[in-house]
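With compact mmCIF, C-alpha atoms inside, this is model_33.txt:
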```
# COMPACT_ATOMS: atom_id res chain seq x y z
CA MET L 1 13.80 49.97 50.05
CA GLU L 2 13.02 52.18 47.09
CA GLN L 3 16.15 50.88 45.37
CA THR L 4 14.99 47.26 45.84
CA VAL L 5 11.58 48.05 44.35
CA CYS L 6 13.23 49.74 41.41
CA GLU L 7 15.50 46.73 40.88
CA LYS L 8 12.50 44.38 40.87
CA LYS L 9 10.70 46.58 38.36
CA THR L 10 13.83 46.64 36.19
CA ASP L 11 14.13 42.84 36.35
CA GLN L 12 10.47 42.37 35.45
CA SER L 13 10.66 44.82 32.56
CA GLY L 14 13.83 43.10 31.35
CA SER L 15 12.22 39.65 31.39
CA ARG L 16 9.22 41.03 29.57
CA ARG L 17 11.49 42.45 26.90
CA VAL L 18 13.18 39.07 26.48
CA LYS L 19 9.80 37.37 26.13
CA LYS L 20 8.69 39.99 23.63
CA LYS L 21 11.85 39.43 21.61
CA TRP L 22 11.50 35.64 21.58
CA LYS L 23 7.79 35.49 20.83
CA PRO L 24 7.91 36.98 17.30
CA VAL L 25 11.00 34.91 16.45
CA LEU L 26 9.30 31.71 17.60
CA THR L 27 6.09 32.66 15.82
CA LYS L 28 8.00 33.23 12.58
CA GLN L 29 9.61 29.79 12.87
CA VAL L 30 6.24 28.14 13.50
CA ILE L 31 4.76 29.93 10.48
CA LEU L 32 7.75 28.89 8.35
CA TRP L 33 7.49 25.19 9.31
CA HIS L 34 3.71 25.30 8.90
CA TRP L 35 4.11 26.74 5.41
CA VAL L 36 6.81 24.26 4.36
CA SER L 37 4.98 21.22 5.74
CA SER L 38 1.72 22.33 4.10
CA ALA L 39 3.51 22.53 0.73
CA ILE L 40 4.89 19.00 1.18
CA CYS L 41 1.51 17.68 2.33
CA LEU L 42 -0.67 19.34 -0.33
CA ALA L 43 -0.79 16.62 -3.01
CA GLY L 44 -0.78 13.81 -0.46
CA MET L 45 -3.55 15.40 1.59
CA LEU L 46 -5.78 15.79 -1.47
CA LEU L 47 -5.07 12.20 -2.54
CA PHE L 48 -5.68 10.64 0.87
CA ALA L 49 -8.76 12.77 1.56
CA PHE L 50 -10.31 11.78 -1.78
CA THR L 51 -9.44 8.09 -1.44
CA GLY L 52 -10.77 8.13 2.12
CA ILE L 53 -14.18 8.86 0.57
CA THR L 54 -13.81 6.26 -2.19
CA LEU L 55 -12.69 3.56 0.23
CA ASN L 56 -15.57 4.26 2.61
CA ASN L 57 -18.12 4.19 -0.23
CA PRO L 58 -16.99 1.38 -2.55
CA GLY L 59 -20.52 0.78 -3.85
CA LYS L 60 -20.63 4.27 -5.38
CA PHE L 61 -17.33 3.90 -7.23
CA LYS L 62 -17.65 0.66 -9.15
CA ALA L 63 -15.40 -0.25 -12.05
CA SER L 64 -15.42 -2.98 -14.66
CA PRO L 65 -12.06 -4.79 -14.69
CA GLN L 66 -10.43 -5.03 -18.11
CA VAL L 67 -8.38 -8.15 -18.80
CA LYS L 68 -5.74 -8.31 -21.52
CA GLU L 69 -4.00 -11.54 -22.47
CA ARG L 70 -1.03 -12.10 -24.72
CA ILE L 71 0.47 -15.40 -25.86
CA THR L 72 3.88 -15.60 -27.53
CA THR L 73 6.84 -17.95 -27.76
CA LEU L 74 10.35 -17.42 -26.46
CA PRO L 75 13.18 -17.19 -28.98
CA GLU L 76 15.08 -20.45 -29.42
CA ASP L 77 18.27 -19.09 -27.85
CA LEU L 78 16.41 -18.46 -24.57
CA HIS L 79 15.06 -22.00 -24.17
CA ILE L 80 18.26 -22.99 -22.38
CA HIS L 81 17.24 -20.67 -19.53
CA LEU L 82 14.11 -22.74 -18.91
CA THR L 83 16.19 -25.50 -17.34
CA SER L 84 16.39 -25.61 -13.55
CA PRO L 85 19.26 -23.80 -11.86
CA GLU L 86 21.98 -26.08 -10.54
CA GLY L 87 20.95 -28.10 -7.52
CA LYS L 88 17.25 -27.28 -7.88
CA GLU L 89 14.63 -29.97 -8.41
CA GLY L 90 10.86 -30.25 -8.09
CA ASP L 91 8.91 -27.17 -7.00
CA PHE L 92 10.96 -24.20 -5.80
CA LYS L 93 11.25 -20.42 -5.99
CA ALA L 94 14.12 -18.63 -7.69
CA PRO L 95 14.64 -15.66 -10.06
CA VAL L 96 14.86 -16.37 -13.77
CA GLY L 97 18.21 -15.87 -15.56
CA ARG L 98 19.23 -12.37 -16.61
CA PRO L 99 18.89 -12.90 -20.39
CA LEU L 100 15.37 -14.32 -19.92
CA ALA L 101 14.46 -11.54 -17.46
CA ALA L 102 15.66 -8.88 -19.93
CA TRP L 103 13.53 -10.36 -22.74
CA LEU L 104 10.47 -10.63 -20.49
CA GLU L 105 10.86 -7.03 -19.31
CA LYS L 106 11.05 -5.88 -22.93
CA GLU L 107 7.94 -7.84 -23.86
CA THR L 108 5.79 -6.99 -20.82
CA GLY L 109 7.15 -3.71 -19.46
CA ASP L 110 7.21 -5.21 -15.95
CA SER L 111 10.19 -5.44 -13.63
CA ILE L 112 11.19 -9.12 -13.67
CA ALA L 113 14.85 -9.53 -12.66
CA ARG L 114 14.39 -9.24 -8.89
CA ARG L 115 11.15 -11.19 -8.63
CA GLN L 116 10.98 -14.73 -7.30
CA ALA L 117 9.50 -17.07 -9.89
CA GLU L 118 7.68 -20.26 -8.99
CA TRP L 119 9.32 -23.21 -10.79
CA SER L 120 7.62 -26.55 -11.35
CA ASP L 121 8.29 -29.41 -13.73
CA ALA L 122 5.75 -28.02 -16.21
CA GLU L 123 6.14 -24.23 -16.07
CA ILE L 124 7.70 -21.09 -14.67
CA TYR L 125 5.12 -18.80 -13.05
CA LEU L 126 5.55 -15.16 -12.08
CA SER L 127 2.99 -13.15 -10.10
CA LEU L 128 2.97 -9.48 -11.15
CA PRO L 129 0.65 -7.56 -8.78
CA ARG L 130 0.33 -3.80 -9.20
CA PRO L 131 -1.73 -0.89 -7.81
CA GLY L 132 -5.20 -0.91 -9.33
CA GLY L 133 -4.82 -4.28 -10.97
CA ASP L 134 -3.06 -7.58 -11.18
CA GLY L 135 -0.87 -9.53 -13.56
CA TRP L 136 0.91 -12.79 -14.08
CA LEU L 137 2.89 -14.70 -16.65
CA ALA L 138 3.54 -18.40 -17.17
CA ILE L 139 6.14 -20.04 -19.42
CA ASP L 140 5.76 -23.62 -20.58
CA ARG L 141 9.17 -25.20 -19.95
CA GLN L 142 8.78 -27.70 -22.79
CA SER L 143 7.49 -25.51 -25.63
CA GLY L 144 8.69 -22.09 -24.47
CA GLU L 145 5.17 -20.65 -24.88
CA MET L 146 4.55 -17.62 -22.67
CA THR L 147 1.10 -16.50 -21.48
CA TYR L 148 0.93 -12.98 -20.08
CA GLU L 149 -2.25 -11.57 -18.51
CA VAL L 150 -2.94 -8.13 -17.04
CA THR L 151 -6.07 -6.99 -15.19
CA ASP L 152 -6.83 -3.26 -14.92
CA ARG L 153 -9.46 -2.29 -12.33
CA GLY L 154 -9.52 1.42 -13.20
CA THR L 155 -8.30 4.74 -11.83
CA ILE L 156 -10.26 4.66 -8.56
CA SER L 157 -8.88 1.25 -7.70
CA PHE L 158 -5.40 2.51 -8.55
CA LEU L 159 -5.77 5.50 -6.20
CA ASN L 160 -7.24 3.31 -3.45
CA ASP L 161 -4.23 1.01 -3.65
CA LEU L 162 -1.92 4.02 -3.38
CA HIS L 163 -3.80 4.97 -0.21
CA LYS L 164 -3.20 1.49 1.23
CA GLY L 165 0.33 1.14 -0.11
CA ARG L 166 -0.69 -2.10 -1.82
CA ASP L 167 1.91 -3.47 -4.25
CA THR L 168 3.47 -0.02 -4.61
CA GLY L 169 7.13 -0.80 -3.91
CA PRO L 170 9.60 0.72 -1.42
CA VAL L 171 9.87 4.23 -2.93
CA TRP L 172 6.13 4.92 -2.50
CA ARG L 173 6.29 3.57 1.07
CA TRP L 174 9.16 5.98 1.78
CA PHE L 175 7.04 8.80 0.40
CA MET L 176 4.16 7.79 2.67
CA ASP L 177 6.48 7.86 5.71
CA ILE L 178 7.80 11.32 4.76
CA PHE L 179 4.26 12.52 4.09
CA SER L 180 3.10 11.24 7.50
CA GLY L 181 5.95 13.09 9.20
CA ALA L 182 5.10 16.28 7.31
CA CYS L 183 1.44 15.94 8.38
CA PHE L 184 2.60 15.58 11.99
CA VAL L 185 4.64 18.81 11.71
CA PHE L 186 1.77 20.54 9.91
CA SER L 187 -0.67 19.64 12.69
CA LEU L 188 1.64 20.65 15.55
CA THR L 189 2.60 23.98 13.97
CA GLY L 190 -1.09 24.61 13.25
CA LEU L 191 -1.79 24.05 16.93
CA GLY L 192 1.02 26.50 17.75
CA LEU L 193 -0.54 29.16 15.53
CA LEU L 194 -3.93 28.57 17.12
CA TYR L 195 -2.32 29.11 20.53
CA VAL L 196 -0.75 32.40 19.36
CA HIS L 197 -4.10 33.77 18.17
CA ALA L 198 -6.29 32.18 20.84
CA ARG L 199 -6.67 35.36 22.90
CA ARG L 200 -8.27 37.20 20.01
CA ARG L 201 -10.41 34.22 19.00
CA PRO L 202 -12.40 32.85 21.96
CA SER L 203 -13.79 29.93 19.95
CA THR L 204 -10.29 28.47 19.40
CA TRP L 205 -10.11 26.11 22.39
CA PRO L 206 -13.72 24.89 22.22
CA LEU L 207 -13.15 23.98 18.55
CA ILE L 208 -9.88 22.20 19.37
CA ALA L 209 -11.58 20.28 22.17
CA THR L 210 -14.38 19.29 19.79
CA GLY L 211 -11.90 18.10 17.19
CA ILE L 212 -10.15 15.92 19.79
CA LEU L 213 -13.23 14.57 21.58
CA LEU L 214 -15.44 13.88 18.56
CA PRO L 215 -13.45 10.89 17.19
CA ILE L 216 -12.98 9.55 20.74
CA ILE L 217 -16.74 9.66 21.39
CA ILE L 218 -17.46 7.93 18.06
CA ILE L 219 -14.90 5.20 18.86
CA LEU L 220 -16.27 4.63 22.36
CA PHE L 221 -20.01 4.69 21.62
CA PHE L 222 -20.74 4.27 17.92
CA LEU L 223 -18.35 1.64 16.56
CA HIS L 224 -19.81 -1.84 16.03
```
Taking this structure as input, can you express it in the form of structure tokens?
Amino acid sequence: MEQTVCEKKTDQSGSRRVKKKWKPVLTKQVILWHWVSSAICLAGMLLFAFTGITLNNPGKFKASPQVKERITTLPEDLHIHLTSPEGKEGDFKAPVGRPLAAWLEKETGDSIARRQAEWSDAEIYLSLPRPGGDGWLAIDRQSGEMTYEVTDRGTISFLNDLHKGRDTGPVWRWFMDIFSGACFVFSLTGLGLLYVHARRRPSTWPLIATGILLPIIIILFFLH
């Protein structure tokens, strides 16, 4: 009987030792992932927190759009590229030829080659949207005259469009996906660290519950 009791005590002490060994290792991993994810999230968090304020208070962050227009004429050797591609008639959408795209990119600084241009009998039109502004160009197919216009709505509008992913291109959208994943890891590892220190900080769970319930209460009772 005494031997059985001793064996049970040995088993319990052994399991406790295993738990004690695993707890600091797990805690170190949680701290490491929390640290890494916070480093990845830092710039994005500051950007999205700031633009959350600017988007919710648009009346306090007004800007005067600045419009710039430029009119020039295509070189004679490029006029041949104003003719419709083979088999195309009337109104249609198609990229412009590479030589014309290269000249337009040099003149405007915009990426042109992969964009779909709108062709009509009178002109070739390209929409050139961008974060914090807008742009377009039109080429008269008879004279070769090009009109290029850019609208700049200011820095705040630019940052707001980054927040929304508006006209930002695939690379920025990939960054936003990676940033969202890093925020997810940051939040979960933060919760893990709160759990580790909860015994010494009695206010931990009430604060967590408040953070979870507050947005739910606002959604249920105060949205209109």
Review point. Can you tell me how far CA of Thr72 (chain L) sits from CA of Asp91 (chain L), in Å to one decimal?
Key: 24.1 Å
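Using only C-alpha atoms, the nearest neighbour of Ile80 (chain L) within the list L:Asn57, L:Ser143, L:Ser157, L:Ser180 is L:Ser143.
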Exercise for review: Quick one: everything within 10 Å of Glu123 (chain L), counting only C-alpha atoms, minus sequence neighbours fewer than 3 positions away in the same chain. Send it as a PyMOL selection string.
Suggested key: chain L and resi 82+91+118-120+126+138-146
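Distances to Lys62 (chain L) were evaluated for L:His197, L:Arg130, L:Arg153, L:Arg173 using all atoms listed in the file, and the minimum falls at L:Arg153.
Proximity to Ile71 (chain L) was assessed for L:Ser127, L:Gln29, L:Ser187, L:Thr108 counting only C-alpha atoms; the smallest distance is recorded for L:Thr108.
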Check your understanding: Any idea what the distance is between CA of Ala117 (chain L) and CA of Val150 (chain L)?
Key -> 16.9 Å
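Taking CA of Asn160 (chain L) and CA of Thr51 (chain L) as endpoints, the distance between them is 5.6 Å.
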Exercise for review: Kindly extract all protein, DNA and RNA residues lying within 8 Å of the coordinates (-13.9, -1.5, -15.2) given in the file, considering all atoms listed in the file, and supply them as a PyMOL selection string.
Suggested key: chain L and resi 62-66+152-154
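Distance annotation: of L:Cys41, L:Leu74, L:Ile216, L:Val30, the residue with the minimal separation from Gly181 (chain L) is L:Cys41; atom set is only C-alpha atoms.
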Starting from the block above, write region 79-219 of chain L out to a file with C-alpha atoms, as a compact mmCIF listing (two decimals), in the first residue's frame, please.
```txt
# COMPACT_ATOMS: atom_id res chain seq x y z
CA HIS L 79 0.91 57.80 -85.71
CA ILE L 80 0.80 54.39 -87.35
CA HIS L 81 0.01 52.90 -83.93
CA LEU L 82 -3.21 54.92 -83.75
CA THR L 83 -4.84 52.63 -86.31
CA SER L 84 -7.11 49.88 -85.00
CA PRO L 85 -5.58 46.47 -84.34
CA GLU L 86 -6.44 43.86 -86.93
CA GLY L 87 -10.03 42.70 -86.80
CA LYS L 88 -11.15 45.52 -84.49
CA GLU L 89 -13.80 48.03 -85.51
CA GLY L 90 -16.04 50.53 -83.74
CA ASP L 91 -15.76 50.86 -79.96
CA PHE L 92 -13.63 48.26 -78.19
CA LYS L 93 -11.03 47.79 -75.47
CA ALA L 94 -7.44 46.73 -76.16
CA PRO L 95 -3.91 47.69 -75.04
CA VAL L 96 -1.99 50.18 -77.15
CA GLY L 97 1.07 48.98 -79.12
CA ARG L 98 4.38 48.61 -77.31
CA PRO L 99 6.17 51.53 -79.04
CA LEU L 100 3.26 53.86 -78.23
CA ALA L 101 3.04 52.52 -74.65
CA ALA L 102 6.79 53.10 -74.15
CA TRP L 103 6.51 56.72 -75.36
CA LEU L 104 3.46 57.38 -73.17
CA GLU L 105 5.17 55.91 -70.11
CA LYS L 106 8.17 58.16 -70.72
CA GLU L 107 5.97 61.23 -71.09
CA THR L 108 3.59 60.58 -68.18
CA GLY L 109 5.48 58.33 -65.76
CA ASP L 110 2.45 56.01 -65.58
CA SER L 111 2.39 52.30 -66.31
CA ILE L 112 0.62 51.99 -69.67
CA ALA L 113 1.58 48.72 -71.40
CA ARG L 114 -0.76 46.41 -69.46
CA ARG L 115 -3.74 48.75 -69.28
CA GLN L 116 -6.83 48.31 -71.43
CA ALA L 117 -7.44 51.40 -73.54
CA GLU L 118 -10.88 52.41 -74.77
CA TRP L 119 -10.80 52.78 -78.58
CA SER L 120 -13.38 54.72 -80.55
CA ASP L 121 -13.39 56.18 -84.05
CA ALA L 122 -12.28 59.57 -82.69
CA GLU L 123 -9.82 58.81 -79.88
CA ILE L 124 -7.94 56.40 -77.66
CA TYR L 125 -8.78 56.89 -73.97
CA LEU L 126 -6.90 55.54 -70.97
CA SER L 127 -8.12 55.80 -67.37
CA LEU L 128 -5.22 56.17 -64.93
CA PRO L 129 -6.61 55.98 -61.36
CA ARG L 130 -4.19 56.12 -58.45
CA PRO L 131 -4.24 56.33 -54.62
CA GLY L 132 -5.06 59.87 -53.53
CA GLY L 133 -5.97 61.07 -56.98
CA ASP L 134 -7.02 60.29 -60.50
CA GLY L 135 -5.70 60.58 -64.02
CA TRP L 136 -6.52 60.00 -67.64
CA LEU L 137 -5.17 60.56 -71.10
CA ALA L 138 -6.82 60.83 -74.51
CA ILE L 139 -5.19 60.69 -77.94
CA ASP L 140 -6.90 62.13 -80.99
CA ARG L 141 -6.57 59.43 -83.65
CA GLN L 142 -6.59 61.93 -86.51
CA SER L 143 -4.15 64.59 -85.30
CA GLY L 144 -2.14 62.58 -82.77
CA GLU L 145 -2.74 65.23 -80.08
CA MET L 146 -2.51 63.83 -76.55
CA THR L 147 -4.25 65.36 -73.53
CA TYR L 148 -2.99 64.16 -70.15
CA GLU L 149 -4.65 65.20 -66.88
CA VAL L 150 -3.75 64.32 -63.28
CA THR L 151 -5.72 65.16 -60.14
CA ASP L 152 -3.94 65.14 -56.75
CA ARG L 153 -6.22 65.13 -53.69
CA GLY L 154 -3.42 65.39 -51.12
CA THR L 155 -1.58 63.23 -48.60
CA ILE L 156 -4.59 62.38 -46.41
CA SER L 157 -6.54 61.14 -49.41
CA PHE L 158 -3.51 59.12 -50.47
CA LEU L 159 -3.26 57.45 -47.04
CA ASN L 160 -7.02 56.83 -46.94
CA ASP L 161 -6.83 55.04 -50.29
CA LEU L 162 -3.97 52.90 -48.97
CA HIS L 163 -6.24 51.95 -46.07
CA LYS L 164 -8.97 50.88 -48.50
CA GLY L 165 -6.62 49.32 -51.04
CA ARG L 166 -8.11 51.57 -53.72
CA ASP L 167 -6.20 51.53 -57.02
CA THR L 168 -3.06 50.31 -55.25
CA GLY L 169 -2.14 47.29 -57.38
CA PRO L 170 -1.48 43.65 -56.43
CA VAL L 171 1.74 44.14 -54.43
CA TRP L 172 0.05 46.44 -51.89
CA ARG L 173 -2.86 44.00 -51.61
CA TRP L 174 -0.38 41.21 -50.87
CA PHE L 175 1.16 43.39 -48.18
CA MET L 176 -2.28 43.98 -46.66
CA ASP L 177 -2.92 40.21 -46.55
CA ILE L 178 0.46 39.57 -44.88
CA PHE L 179 -0.15 42.45 -42.47
CA SER L 180 -3.59 41.05 -41.56
CA GLY L 181 -2.05 37.64 -40.85
CA ALA L 182 0.65 39.23 -38.70
CA CYS L 183 -2.03 41.14 -36.75
CA PHE L 184 -3.86 37.85 -36.17
CA VAL L 185 -0.67 36.25 -34.78
CA PHE L 186 0.07 39.38 -32.73
CA SER L 187 -3.39 39.29 -31.13
CA LEU L 188 -3.35 35.55 -30.36
CA THR L 189 0.16 35.63 -28.86
CA GLY L 190 -0.85 38.70 -26.84
CA LEU L 191 -3.78 36.70 -25.50
CA GLY L 192 -1.36 33.88 -24.65
CA LEU L 193 0.86 36.26 -22.69
CA LEU L 194 -2.15 37.64 -20.86
CA TYR L 195 -3.08 34.08 -19.89
CA VAL L 196 0.45 33.43 -18.56
CA HIS L 197 0.36 36.51 -16.32
CA ALA L 198 -3.34 36.38 -15.43
CA ARG L 199 -2.80 34.91 -11.96
CA ARG L 200 -0.71 37.86 -10.88
CA ARG L 201 -3.01 40.40 -12.54
CA PRO L 202 -6.64 39.91 -11.46
CA SER L 203 -7.92 42.60 -13.84
CA THR L 204 -6.76 40.63 -16.91
CA TRP L 205 -9.94 38.66 -17.66
CA PRO L 206 -12.39 41.49 -16.90
CA LEU L 207 -10.45 43.71 -19.32
CA ILE L 208 -10.42 40.99 -22.00
CA ALA L 209 -14.16 40.47 -21.55
CA THR L 210 -14.72 44.21 -21.88
CA GLY L 211 -12.66 44.36 -25.05
CA ILE L 212 -14.72 41.53 -26.58
CA LEU L 213 -18.17 42.63 -25.41
CA LEU L 214 -17.87 46.38 -26.05
CA PRO L 215 -17.91 46.21 -29.89
CA ILE L 216 -20.66 43.55 -29.76
CA ILE L 217 -22.85 45.79 -27.57
CA ILE L 218 -22.26 48.77 -29.87
CA ILE L 219 -23.17 46.68 -32.94
```
